[in-house]
Amino acid sequence: MSNTLQTQLLIIGGGPGGYIAGIRAGQLGVKTIVVEGVNPGGTCLNIGCIPSKALIHAAEEFAKVTAYAAGTSPLGISVQAPSLDLAKTVAWKAGIVKKLTGGVSALLKKNGAQLIKGWATIVDGKTVEIAGAAEDGGTLRITCEHLLLATGSVPVELPFLPFGGKVISSTEALSPTSLPKQLIVVGGGYIGLELGTVYRKLGCEVTVVEAQERILPAYDAELTKPVATHLEKSGVKLLTGHSVLGLADNGQLRVRDKDGNEIALDADQILVAVGRRPKTDGFNLESLQLDLTGKAIKIDDQCKTSMRNVWAIGDVAGEPMLAHRAMAQGELVAEIVSGKKRHFVPAAIPAVCFTDPEIVVVGLSPDEAKAQGIETKVALFPFAANGRAMSLESTDGFVRVVARSSDHRILGWQAVGVQVSELSIAFVQSIEMGATLEDIAGTIHPHPTLGEAVQEAALRALGHALHI
């Protein structure tokens, strides 16, 4: 048996992009259905951003207490050696996830959007079917005026190192039942380094294998150096310029160094974190024959695909794969469907690595500006000269500003240091509002805060920093 529903907007995927689109569409009076196969919130809330940040916090707290017990803290704090109840830690993390995903469901309902649990299969650009979702347990068919694809992304699997057994993805790494003595992280990007840092702080031996010559190769070397230094200081072994070959028969990981020599590494678990790919399979997307860009759905600056009234947002539409980008796109599509005129043309989209120390990148880097032929003023202010950073026992890192030489218009910010993720809104807002160096330099910043480094970087670019 099958039942049929009709709606104005049908959203496949209840992640950050899909659920925001559903909420905003409901607010605007658009009849909306969101179809989600697991729990609302997608990768971000369930197996990504939120649980990883929860574990990062837990690991940092455990590492602090461990340092106090070892008598290495300069603060004069001493305690007994700590123990870790891993099951309780994971349960605490799961509680945060449950609260947030439940909140998403409530927000959709509050704003009049219907949430249907199930896996959608596309019939055509106006119709999907969901097996087992009808009231009688049969197939539910939904027809719509507008179809929004928000299916997200999945971890990239290496063909010579498939997931299973001791080889895990970030999903399994975020819900451990026990801690491995030896963890190898394949991939030195932000996902691998965030989770590798967590496991090291919880007492595991961690080795990171990265094919490029340095970790976080998407960022410039000046930004990533403090992270590499801290990782090595904490005991993480970094094997850069090493390529993975696969598993040996005895369970060791085979890698090749930059000189072509093969090395075998012992590991209890191997976390493969070499990136994510758009989720375009499993729901008959190919039947729509949409234009693609690589493996991602091709969209324009209104998130339109090559088929009329079929839209795509977030990770399924390619890089940058960031939850906040998906959210902004979801809001935009909902407003366009409701009759508003909108285009997705942000001046900048911030990217944050929650490594130790954290990294923030917004707008153009010095090299990117140079590649575009723009003459710039570039200045950085070190946290070693910031009082708040000293009081937080973390003086590594800096804030760097990139501005156009001709009119001092700010084009980019980069920062590495303790809690710099909280500075990201100041960075992106200044670019979005077209601020100049003088605007930032002339704004009174509260003392003592990390934000003073933002003002000092602007002052230094103008030639008169005060505290260096």
# chains A, B, ... in the order shown; residues from 1 in each chain; ligands from 1
call {"tool": "select_by_dssp", "arguments": {"residues": "range 3-196 of chain A", "states": "strand (DSSP E)", "output": "ChimeraX atom specification"}}
result
/A:3-12,32-36,114-117,120-124,127-130,139-149,153-155,167-168,182-186
call {"tool": "closest_atom_pairs", "arguments": {"of": "range 153-190 of chain A", "to": "range 50-58 of chain A", "cutoff": "12 Å", "atoms": "only C-alpha atoms", "output": "Markdown table"}}
result
| residue | atom | partner | partner_atom | distance |
| --- | --- | --- | --- | --- |
| A:Ser170 | CA | A:Ser52 | CA | 9.1 |
| A:Thr171 | CA | A:Ser52 | CA | 9.7 |
| A:Glu172 | CA | A:Ser52 | CA | 11.4 |
| A:Ala173 | CA | A:Ser52 | CA | 9.2 |
| A:Leu174 | CA | A:Ser52 | CA | 6.5 |
| A:Ser175 | CA | A:Pro51 | CA | 8.8 |
| A:Pro176 | CA | A:Leu55 | CA | 10.6 |
| A:Tyr190 | CA | A:Ser52 | CA | 11.3 |
call {"tool": "closest_atom_pairs", "arguments": {"of": "range 295-406 of chain A", "to": "range 421-440 of chain A", "cutoff": "9 Å", "atoms": "only C-alpha atoms", "output": "JSON lines"}}
result
{"residue": "A:Pro346", "atom": "CA", "partner": "A:Glu432", "partner_atom": "CA", "distance": 7.3}
{"residue": "A:Ala347", "atom": "CA", "partner": "A:Glu432", "partner_atom": "CA", "distance": 5.2}
{"residue": "A:Ala348", "atom": "CA", "partner": "A:Val428", "partner_atom": "CA", "distance": 6.3}
{"residue": "A:Ile349", "atom": "CA", "partner": "A:Val428", "partner_atom": "CA", "distance": 7.0}
{"residue": "A:Pro350", "atom": "CA", "partner": "A:Val428", "partner_atom": "CA", "distance": 6.4}
{"residue": "A:Ala351", "atom": "CA", "partner": "A:Ser424", "partner_atom": "CA", "distance": 8.3}
{"residue": "A:Val352", "atom": "CA", "partner": "A:Ser421", "partner_atom": "CA", "distance": 6.3}
{"residue": "A:Cys353", "atom": "CA", "partner": "A:Ser421", "partner_atom": "CA", "distance": 8.0}
{"residue": "A:Phe354", "atom": "CA", "partner": "A:Ser421", "partner_atom": "CA", "distance": 7.6}
{"residue": "A:Glu358", "atom": "CA", "partner": "A:Ser421", "partner_atom": "CA", "distance": 6.6}
{"residue": "A:Ile359", "atom": "CA", "partner": "A:Ser421", "partner_atom": "CA", "distance": 7.0}
{"residue": "A:Val360", "atom": "CA", "partner": "A:Ser421", "partner_atom": "CA", "distance": 6.1}
{"residue": "A:Val361", "atom": "CA", "partner": "A:Ser424", "partner_atom": "CA", "distance": 8.0}
{"residue": "A:Val362", "atom": "CA", "partner": "A:Val428", "partner_atom": "CA", "distance": 6.2}
{"residue": "A:Gly363", "atom": "CA", "partner": "A:Ile431", "partner_atom": "CA", "distance": 7.6}
{"residue": "A:Val401", "atom": "CA", "partner": "A:Leu437", "partner_atom": "CA", "distance": 8.7}
{"residue": "A:Ala403", "atom": "CA", "partner": "A:Leu437", "partner_atom": "CA", "distance": 7.2}
{"residue": "A:Arg404", "atom": "CA", "partner": "A:Thr436", "partner_atom": "CA", "distance": 8.9}
call {"tool": "write_last_selection", "arguments": {"atoms": "N, CA, C and O atoms", "output": "compact mmCIF listing (two decimals), in the first residue's frame"}}
result
# COMPACT_ATOMS: atom_id res chain seq x y z
N PRO A 346 28.33 35.74 0.05
CA PRO A 346 28.97 36.22 1.27
C PRO A 346 30.34 36.82 0.96
O PRO A 346 31.05 36.33 0.07
N ALA A 347 30.72 37.86 1.68
CA ALA A 347 32.05 38.44 1.49
C ALA A 347 33.13 37.47 1.96
O ALA A 347 34.24 37.46 1.42
N ALA A 348 32.81 36.65 2.95
CA ALA A 348 33.77 35.66 3.45
C ALA A 348 33.02 34.61 4.25
O ALA A 348 31.95 34.89 4.81
N ILE A 349 33.58 33.40 4.29
CA ILE A 349 33.03 32.32 5.12
C ILE A 349 34.15 31.86 6.05
O ILE A 349 35.20 31.39 5.57
N PRO A 350 33.98 31.99 7.36
CA PRO A 350 35.05 31.60 8.27
C PRO A 350 35.24 30.09 8.34
O PRO A 350 34.28 29.33 8.24
N ALA A 351 36.49 29.68 8.50
CA ALA A 351 36.82 28.26 8.71
C ALA A 351 37.62 28.15 10.00
O ALA A 351 38.55 28.94 10.22
N VAL A 352 37.26 27.18 10.84
CA VAL A 352 37.92 27.02 12.14
C VAL A 352 38.42 25.60 12.29
O VAL A 352 37.69 24.64 12.02
N CYS A 353 39.66 25.45 12.73
CA CYS A 353 40.20 24.15 13.12
C CYS A 353 40.29 24.14 14.64
O CYS A 353 40.99 24.98 15.22
N PHE A 354 39.59 23.20 15.29
CA PHE A 354 39.63 23.13 16.74
C PHE A 354 40.77 22.22 17.20
O PHE A 354 40.59 21.30 17.99
N GLU A 358 43.97 26.46 18.44
CA GLU A 358 42.96 26.59 17.38
C GLU A 358 43.46 27.46 16.24
O GLU A 358 44.35 28.30 16.42
N ILE A 359 42.86 27.25 15.06
CA ILE A 359 43.19 28.06 13.87
C ILE A 359 41.89 28.63 13.30
O ILE A 359 40.88 27.94 13.22
N VAL A 360 41.94 29.90 12.90
CA VAL A 360 40.82 30.54 12.21
C VAL A 360 41.34 31.18 10.93
O VAL A 360 42.39 31.83 10.93
N VAL A 361 40.60 30.98 9.84
CA VAL A 361 40.95 31.59 8.56
C VAL A 361 39.69 32.22 7.99
O VAL A 361 38.66 31.56 7.85
N VAL A 362 39.76 33.51 7.67
CA VAL A 362 38.64 34.22 7.08
C VAL A 362 39.15 35.10 5.95
O VAL A 362 40.11 35.86 6.14
N GLY A 363 38.55 35.01 4.78
CA GLY A 363 38.95 35.86 3.67
C GLY A 363 40.26 35.44 3.05
O GLY A 363 40.64 34.25 3.08
N VAL A 401 46.49 40.18 9.98
CA VAL A 401 45.51 40.89 9.15
C VAL A 401 46.09 41.12 7.77
O VAL A 401 47.31 41.34 7.61
N ALA A 403 45.29 43.55 4.45
CA ALA A 403 44.49 44.68 3.97
C ALA A 403 45.06 45.19 2.66
O ALA A 403 46.25 45.06 2.38
N ARG A 404 44.19 45.77 1.85
CA ARG A 404 44.62 46.35 0.58
C ARG A 404 45.43 47.62 0.84
O ARG A 404 45.01 48.48 1.62
call {"tool": "closest_residue", "arguments": {"among": "A:Val97, A:Gly192, A:Ile184, A:Thr224", "to": "Leu265 in chain A", "atoms": "only C-alpha atoms"}}
result
A:Ile184
call {"tool": "select_by_dssp", "arguments": {"residues": "range 79-303 of chain A", "states": "helix (DSSP H, G or I)", "output": "PDB file with N, CA and C atoms, in the first residue's frame"}}
result
ATOM      1  N   LEU A  86      35.339   6.229  30.769  1.00  0.00           N
ATOM      2  CA  LEU A  86      35.079   6.525  29.366  1.00  0.00           C
ATOM      3  C   LEU A  86      33.595   6.432  29.030  1.00  0.00           C
ATOM      4  N   ALA A  87      32.923   5.439  29.600  1.00  0.00           N
ATOM      5  CA  ALA A  87      31.495   5.269  29.319  1.00  0.00           C
ATOM      6  C   ALA A  87      30.708   6.497  29.767  1.00  0.00           C
ATOM      7  N   LYS A  88      31.088   7.054  30.901  1.00  0.00           N
ATOM      8  CA  LYS A  88      30.405   8.248  31.415  1.00  0.00           C
ATOM      9  C   LYS A  88      30.693   9.460  30.532  1.00  0.00           C
ATOM     10  N   THR A  89      31.935   9.562  30.064  1.00  0.00           N
ATOM     11  CA  THR A  89      32.311  10.666  29.169  1.00  0.00           C
ATOM     12  C   THR A  89      31.497  10.612  27.881  1.00  0.00           C
ATOM     13  N   VAL A  90      31.426   9.418  27.287  1.00  0.00           N
ATOM     14  CA  VAL A  90      30.686   9.249  26.036  1.00  0.00           C
ATOM     15  C   VAL A  90      29.193   9.488  26.262  1.00  0.00           C
ATOM     16  N   ALA A  91      28.686   9.079  27.419  1.00  0.00           N
ATOM     17  CA  ALA A  91      27.272   9.307  27.736  1.00  0.00           C
ATOM     18  C   ALA A  91      26.977  10.800  27.879  1.00  0.00           C
ATOM     19  N   TRP A  92      27.924  11.541  28.479  1.00  0.00           N
ATOM     20  CA  TRP A  92      27.770  12.997  28.604  1.00  0.00           C
ATOM     21  C   TRP A  92      27.703  13.645  27.229  1.00  0.00           C
ATOM     22  N   LYS A  93      28.605  13.207  26.348  1.00  0.00           N
ATOM     23  CA  LYS A  93      28.612  13.707  24.966  1.00  0.00           C
ATOM     24  C   LYS A  93      27.297  13.383  24.274  1.00  0.00           C
ATOM     25  N   ALA A  94      26.824  12.149  24.460  1.00  0.00           N
ATOM     26  CA  ALA A  94      25.572  11.726  23.827  1.00  0.00           C
ATOM     27  C   ALA A  94      24.390  12.533  24.350  1.00  0.00           C
ATOM     28  N   GLY A  95      24.446  12.940  25.617  1.00  0.00           N
ATOM     29  CA  GLY A  95      23.382  13.745  26.192  1.00  0.00           C
ATOM     30  C   GLY A  95      23.270  15.102  25.528  1.00  0.00           C
ATOM     31  N   ILE A  96      24.424  15.698  25.213  1.00  0.00           N
ATOM     32  CA  ILE A  96      24.430  16.979  24.504  1.00  0.00           C
ATOM     33  C   ILE A  96      23.817  16.816  23.118  1.00  0.00           C
ATOM     34  N   VAL A  97      24.234  15.750  22.419  1.00  0.00           N
ATOM     35  CA  VAL A  97      23.717  15.470  21.071  1.00  0.00           C
ATOM     36  C   VAL A  97      22.205  15.272  21.110  1.00  0.00           C
ATOM     37  N   LYS A  98      21.732  14.482  22.086  1.00  0.00           N
ATOM     38  CA  LYS A  98      20.300  14.208  22.188  1.00  0.00           C
ATOM     39  C   LYS A  98      19.507  15.479  22.441  1.00  0.00           C
ATOM     40  N   LYS A  99      20.032  16.334  23.317  1.00  0.00           N
ATOM     41  CA  LYS A  99      19.333  17.584  23.628  1.00  0.00           C
ATOM     42  C   LYS A  99      19.229  18.472  22.393  1.00  0.00           C
ATOM     43  N   LEU A 100      20.322  18.561  21.638  1.00  0.00           N
ATOM     44  CA  LEU A 100      20.330  19.422  20.460  1.00  0.00           C
ATOM     45  C   LEU A 100      19.470  18.870  19.331  1.00  0.00           C
ATOM     46  N   THR A 101      19.554  17.575  19.078  1.00  0.00           N
ATOM     47  CA  THR A 101      18.737  16.997  18.006  1.00  0.00           C
ATOM     48  C   THR A 101      17.257  17.066  18.362  1.00  0.00           C
ATOM     49  N   GLY A 102      16.944  16.859  19.645  1.00  0.00           N
ATOM     50  CA  GLY A 102      15.567  17.005  20.084  1.00  0.00           C
ATOM     51  C   GLY A 102      15.081  18.434  19.926  1.00  0.00           C
ATOM     52  N   GLY A 103      15.998  19.379  20.149  1.00  0.00           N
ATOM     53  CA  GLY A 103      15.659  20.788  19.964  1.00  0.00           C
ATOM     54  C   GLY A 103      15.360  21.120  18.520  1.00  0.00           C
ATOM     55  N   VAL A 104      16.076  20.499  17.606  1.00  0.00           N
ATOM     56  CA  VAL A 104      15.820  20.718  16.181  1.00  0.00           C
ATOM     57  C   VAL A 104      14.429  20.221  15.812  1.00  0.00           C
ATOM     58  N   SER A 105      14.080  19.030  16.288  1.00  0.00           N
ATOM     59  CA  SER A 105      12.740  18.487  16.011  1.00  0.00           C
ATOM     60  C   SER A 105      11.656  19.424  16.524  1.00  0.00           C
ATOM     61  N   ALA A 106      11.881  19.951  17.729  1.00  0.00           N
ATOM     62  CA  ALA A 106      10.890  20.860  18.328  1.00  0.00           C
ATOM     63  C   ALA A 106      10.774  22.159  17.539  1.00  0.00           C
ATOM     64  N   LEU A 107      11.898  22.665  17.061  1.00  0.00           N
ATOM     65  CA  LEU A 107      11.881  23.914  16.291  1.00  0.00           C
ATOM     66  C   LEU A 107      11.166  23.740  14.959  1.00  0.00           C
ATOM     67  N   LEU A 108      11.384  22.596  14.303  1.00  0.00           N
ATOM     68  CA  LEU A 108      10.675  22.326  13.047  1.00  0.00           C
ATOM     69  C   LEU A 108       9.168  22.282  13.292  1.00  0.00           C
ATOM     70  N   LYS A 109       8.767  21.564  14.332  1.00  0.00           N
ATOM     71  CA  LYS A 109       7.347  21.445  14.661  1.00  0.00           C
ATOM     72  C   LYS A 109       6.752  22.802  15.026  1.00  0.00           C
ATOM     73  N   LYS A 110       7.492  23.563  15.840  1.00  0.00           N
ATOM     74  CA  LYS A 110       7.028  24.883  16.276  1.00  0.00           C
ATOM     75  C   LYS A 110       6.748  25.811  15.098  1.00  0.00           C
ATOM     76  N   SER A 170      35.703   8.673  11.461  1.00  0.00           N
ATOM     77  CA  SER A 170      35.462   9.611  12.553  1.00  0.00           C
ATOM     78  C   SER A 170      34.210   9.241  13.342  1.00  0.00           C
ATOM     79  N   THR A 171      33.239   8.612  12.680  1.00  0.00           N
ATOM     80  CA  THR A 171      32.001   8.218  13.364  1.00  0.00           C
ATOM     81  C   THR A 171      32.291   7.305  14.542  1.00  0.00           C
ATOM     82  N   GLU A 172      33.072   6.252  14.309  1.00  0.00           N
ATOM     83  CA  GLU A 172      33.420   5.318  15.390  1.00  0.00           C
ATOM     84  C   GLU A 172      34.351   5.963  16.405  1.00  0.00           C
ATOM     85  N   ALA A 173      35.238   6.833  15.933  1.00  0.00           N
ATOM     86  CA  ALA A 173      36.196   7.487  16.838  1.00  0.00           C
ATOM     87  C   ALA A 173      35.504   8.383  17.848  1.00  0.00           C
ATOM     88  N   TYR A 190      42.101  18.716   9.417  1.00  0.00           N
ATOM     89  CA  TYR A 190      41.547  19.146  10.699  1.00  0.00           C
ATOM     90  C   TYR A 190      40.806  18.033  11.433  1.00  0.00           C
ATOM     91  N   ILE A 191      40.115  17.142  10.717  1.00  0.00           N
ATOM     92  CA  ILE A 191      39.373  16.082  11.400  1.00  0.00           C
ATOM     93  C   ILE A 191      40.334  15.124  12.094  1.00  0.00           C
ATOM     94  N   GLY A 192      41.355  14.683  11.370  1.00  0.00           N
ATOM     95  CA  GLY A 192      42.327  13.760  11.941  1.00  0.00           C
ATOM     96  C   GLY A 192      43.082  14.358  13.110  1.00  0.00           C
ATOM     97  N   LEU A 193      43.466  15.628  12.998  1.00  0.00           N
ATOM     98  CA  LEU A 193      44.242  16.261  14.067  1.00  0.00           C
ATOM     99  C   LEU A 193      43.386  16.554  15.292  1.00  0.00           C
ATOM    100  N   GLU A 194      42.136  16.965  15.083  1.00  0.00           N
ATOM    101  CA  GLU A 194      41.253  17.197  16.238  1.00  0.00           C
ATOM    102  C   GLU A 194      41.079  15.905  17.030  1.00  0.00           C
ATOM    103  N   LEU A 195      40.761  14.808  16.343  1.00  0.00           N
ATOM    104  CA  LEU A 195      40.523  13.552  17.037  1.00  0.00           C
ATOM    105  C   LEU A 195      41.825  12.931  17.555  1.00  0.00           C
ATOM    106  N   GLY A 196      42.894  13.081  16.804  1.00  0.00           N
ATOM    107  CA  GLY A 196      44.184  12.586  17.276  1.00  0.00           C
ATOM    108  C   GLY A 196      44.606  13.274  18.564  1.00  0.00           C
ATOM    109  N   THR A 197      44.355  14.573  18.649  1.00  0.00           N
ATOM    110  CA  THR A 197      44.675  15.326  19.863  1.00  0.00           C
ATOM    111  C   THR A 197      43.841  14.836  21.036  1.00  0.00           C
ATOM    112  N   VAL A 198      42.555  14.573  20.797  1.00  0.00           N
ATOM    113  CA  VAL A 198      41.681  14.040  21.857  1.00  0.00           C
ATOM    114  C   VAL A 198      42.246  12.744  22.409  1.00  0.00           C
ATOM    115  N   TYR A 199      42.555  11.812  21.525  1.00  0.00           N
ATOM    116  CA  TYR A 199      43.033  10.501  21.972  1.00  0.00           C
ATOM    117  C   TYR A 199      44.380  10.593  22.676  1.00  0.00           C
ATOM    118  N   ARG A 200      45.242  11.509  22.241  1.00  0.00           N
ATOM    119  CA  ARG A 200      46.536  11.683  22.916  1.00  0.00           C
ATOM    120  C   ARG A 200      46.338  12.228  24.327  1.00  0.00           C
ATOM    121  N   LYS A 201      45.441  13.191  24.470  1.00  0.00           N
ATOM    122  CA  LYS A 201      45.195  13.773  25.790  1.00  0.00           C
ATOM    123  C   LYS A 201      44.541  12.781  26.738  1.00  0.00           C
ATOM    124  N   ALA A 221      52.147  27.698   6.135  1.00  0.00           N
ATOM    125  CA  ALA A 221      53.052  27.101   7.116  1.00  0.00           C
ATOM    126  C   ALA A 221      53.170  27.926   8.390  1.00  0.00           C
ATOM    127  N   GLU A 222      53.079  29.235   8.270  1.00  0.00           N
ATOM    128  CA  GLU A 222      53.191  30.091   9.450  1.00  0.00           C
ATOM    129  C   GLU A 222      52.052  29.818  10.431  1.00  0.00           C
ATOM    130  N   LEU A 223      50.865  29.559   9.887  1.00  0.00           N
ATOM    131  CA  LEU A 223      49.706  29.269  10.726  1.00  0.00           C
ATOM    132  C   LEU A 223      49.795  27.893  11.385  1.00  0.00           C
ATOM    133  N   THR A 224      50.291  26.918  10.655  1.00  0.00           N
ATOM    134  CA  THR A 224      50.251  25.539  11.147  1.00  0.00           C
ATOM    135  C   THR A 224      51.443  25.179  12.037  1.00  0.00           C
ATOM    136  N   LYS A 225      52.493  25.985  12.010  1.00  0.00           N
ATOM    137  CA  LYS A 225      53.688  25.660  12.791  1.00  0.00           C
ATOM    138  C   LYS A 225      53.402  25.525  14.282  1.00  0.00           C
ATOM    139  N   PRO A 226      52.646  26.460  14.918  1.00  0.00           N
ATOM    140  CA  PRO A 226      52.374  26.282  16.353  1.00  0.00           C
ATOM    141  C   PRO A 226      51.612  24.995  16.670  1.00  0.00           C
ATOM    142  N   VAL A 227      50.742  24.557  15.752  1.00  0.00           N
ATOM    143  CA  VAL A 227      49.994  23.318  15.965  1.00  0.00           C
ATOM    144  C   VAL A 227      50.935  22.119  15.902  1.00  0.00           C
ATOM    145  N   ALA A 228      51.815  22.101  14.901  1.00  0.00           N
ATOM    146  CA  ALA A 228      52.777  21.001  14.769  1.00  0.00           C
ATOM    147  C   ALA A 228      53.698  20.941  15.983  1.00  0.00           C
ATOM    148  N   THR A 229      54.153  22.100  16.431  1.00  0.00           N
ATOM    149  CA  THR A 229      55.040  22.166  17.598  1.00  0.00           C
ATOM    150  C   THR A 229      54.351  21.605  18.835  1.00  0.00           C
ATOM    151  N   HIS A 230      53.086  21.978  19.021  1.00  0.00           N
ATOM    152  CA  HIS A 230      52.346  21.526  20.197  1.00  0.00           C
ATOM    153  C   HIS A 230      52.078  20.029  20.128  1.00  0.00           C
ATOM    154  N   LEU A 231      51.754  19.521  18.943  1.00  0.00           N
ATOM    155  CA  LEU A 231      51.510  18.088  18.790  1.00  0.00           C
ATOM    156  C   LEU A 231      52.751  17.280  19.166  1.00  0.00           C
ATOM    157  N   GLU A 232      53.885  17.710  18.636  1.00  0.00           N
ATOM    158  CA  GLU A 232      55.144  16.982  18.919  1.00  0.00           C
ATOM    159  C   GLU A 232      55.514  17.086  20.396  1.00  0.00           C
ATOM    160  N   LYS A 233      55.279  18.258  20.979  1.00  0.00           N
ATOM    161  CA  LYS A 233      55.569  18.459  22.400  1.00  0.00           C
ATOM    162  C   LYS A 233      54.695  17.570  23.271  1.00  0.00           C
ATOM    163  N   LEU A 285      19.603   9.758  -7.100  1.00  0.00           N
ATOM    164  CA  LEU A 285      19.868  11.101  -7.596  1.00  0.00           C
ATOM    165  C   LEU A 285      20.202  11.086  -9.084  1.00  0.00           C
ATOM    166  N   GLU A 286      20.874  10.032  -9.525  1.00  0.00           N
ATOM    167  CA  GLU A 286      21.315   9.955 -10.920  1.00  0.00           C
ATOM    168  C   GLU A 286      20.146  10.035 -11.904  1.00  0.00           C
ATOM    169  N   SER A 287      18.955   9.690 -11.453  1.00  0.00           N
ATOM    170  CA  SER A 287      17.788   9.733 -12.344  1.00  0.00           C
ATOM    171  C   SER A 287      17.461  11.164 -12.788  1.00  0.00           C
ATOM    172  N   LEU A 288      17.895  12.152 -12.017  1.00  0.00           N
ATOM    173  CA  LEU A 288      17.612  13.550 -12.373  1.00  0.00           C
ATOM    174  C   LEU A 288      18.606  14.091 -13.398  1.00  0.00           C
TER     175      LEU A 288
END
call {"tool": "residues_around", "arguments": {"residues": "range 23-30 of chain A", "least_positions_apart": "4", "cutoff": "9 Å", "atoms": "only C-alpha atoms", "output": "ChimeraX atom specification"}}
result
/A:7-9,18-19,104,107-113,330-335,337-338
call {"tool": "decode", "arguments": {"residues": "range 131-143 of chain A", "atoms": "N, CA and C atoms", "output": "compact mmCIF listing (two decimals), in the first residue's frame"}}
result
# COMPACT_ATOMS: atom_id res chain seq x y z
N ALA A 131 10.07 4.18 1.78
CA ALA A 131 9.58 2.85 2.12
C ALA A 131 9.28 2.76 3.61
N GLY A 132 8.12 2.16 3.94
CA GLY A 132 7.77 1.91 5.34
C GLY A 132 7.27 3.11 6.11
N ALA A 133 7.15 4.28 5.46
CA ALA A 133 6.78 5.50 6.18
C ALA A 133 5.28 5.79 6.16
N ALA A 134 4.53 5.06 5.35
CA ALA A 134 3.07 5.27 5.32
C ALA A 134 2.45 4.77 6.61
N GLU A 135 1.26 5.24 6.92
CA GLU A 135 0.59 4.88 8.18
C GLU A 135 0.39 3.38 8.32
N ASP A 136 0.20 2.71 7.20
CA ASP A 136 0.01 1.26 7.24
C ASP A 136 1.31 0.48 7.06
N GLY A 137 2.42 1.21 7.10
CA GLY A 137 3.72 0.56 6.95
C GLY A 137 4.16 0.40 5.51
N GLY A 138 3.33 0.87 4.58
CA GLY A 138 3.69 0.78 3.17
C GLY A 138 4.54 1.96 2.74
N THR A 139 4.65 2.16 1.44
CA THR A 139 5.48 3.23 0.88
C THR A 139 4.73 4.55 0.91
N LEU A 140 5.41 5.58 1.39
CA LEU A 140 4.85 6.92 1.39
C LEU A 140 5.39 7.67 0.19
N ARG A 141 4.50 8.25 -0.60
CA ARG A 141 4.91 9.05 -1.76
C ARG A 141 4.65 10.51 -1.44
N ILE A 142 5.63 11.37 -1.71
CA ILE A 142 5.49 12.80 -1.47
C ILE A 142 5.74 13.54 -2.77
N THR A 143 4.79 14.38 -3.15
CA THR A 143 4.98 15.23 -4.33
C THR A 143 5.20 16.66 -3.87
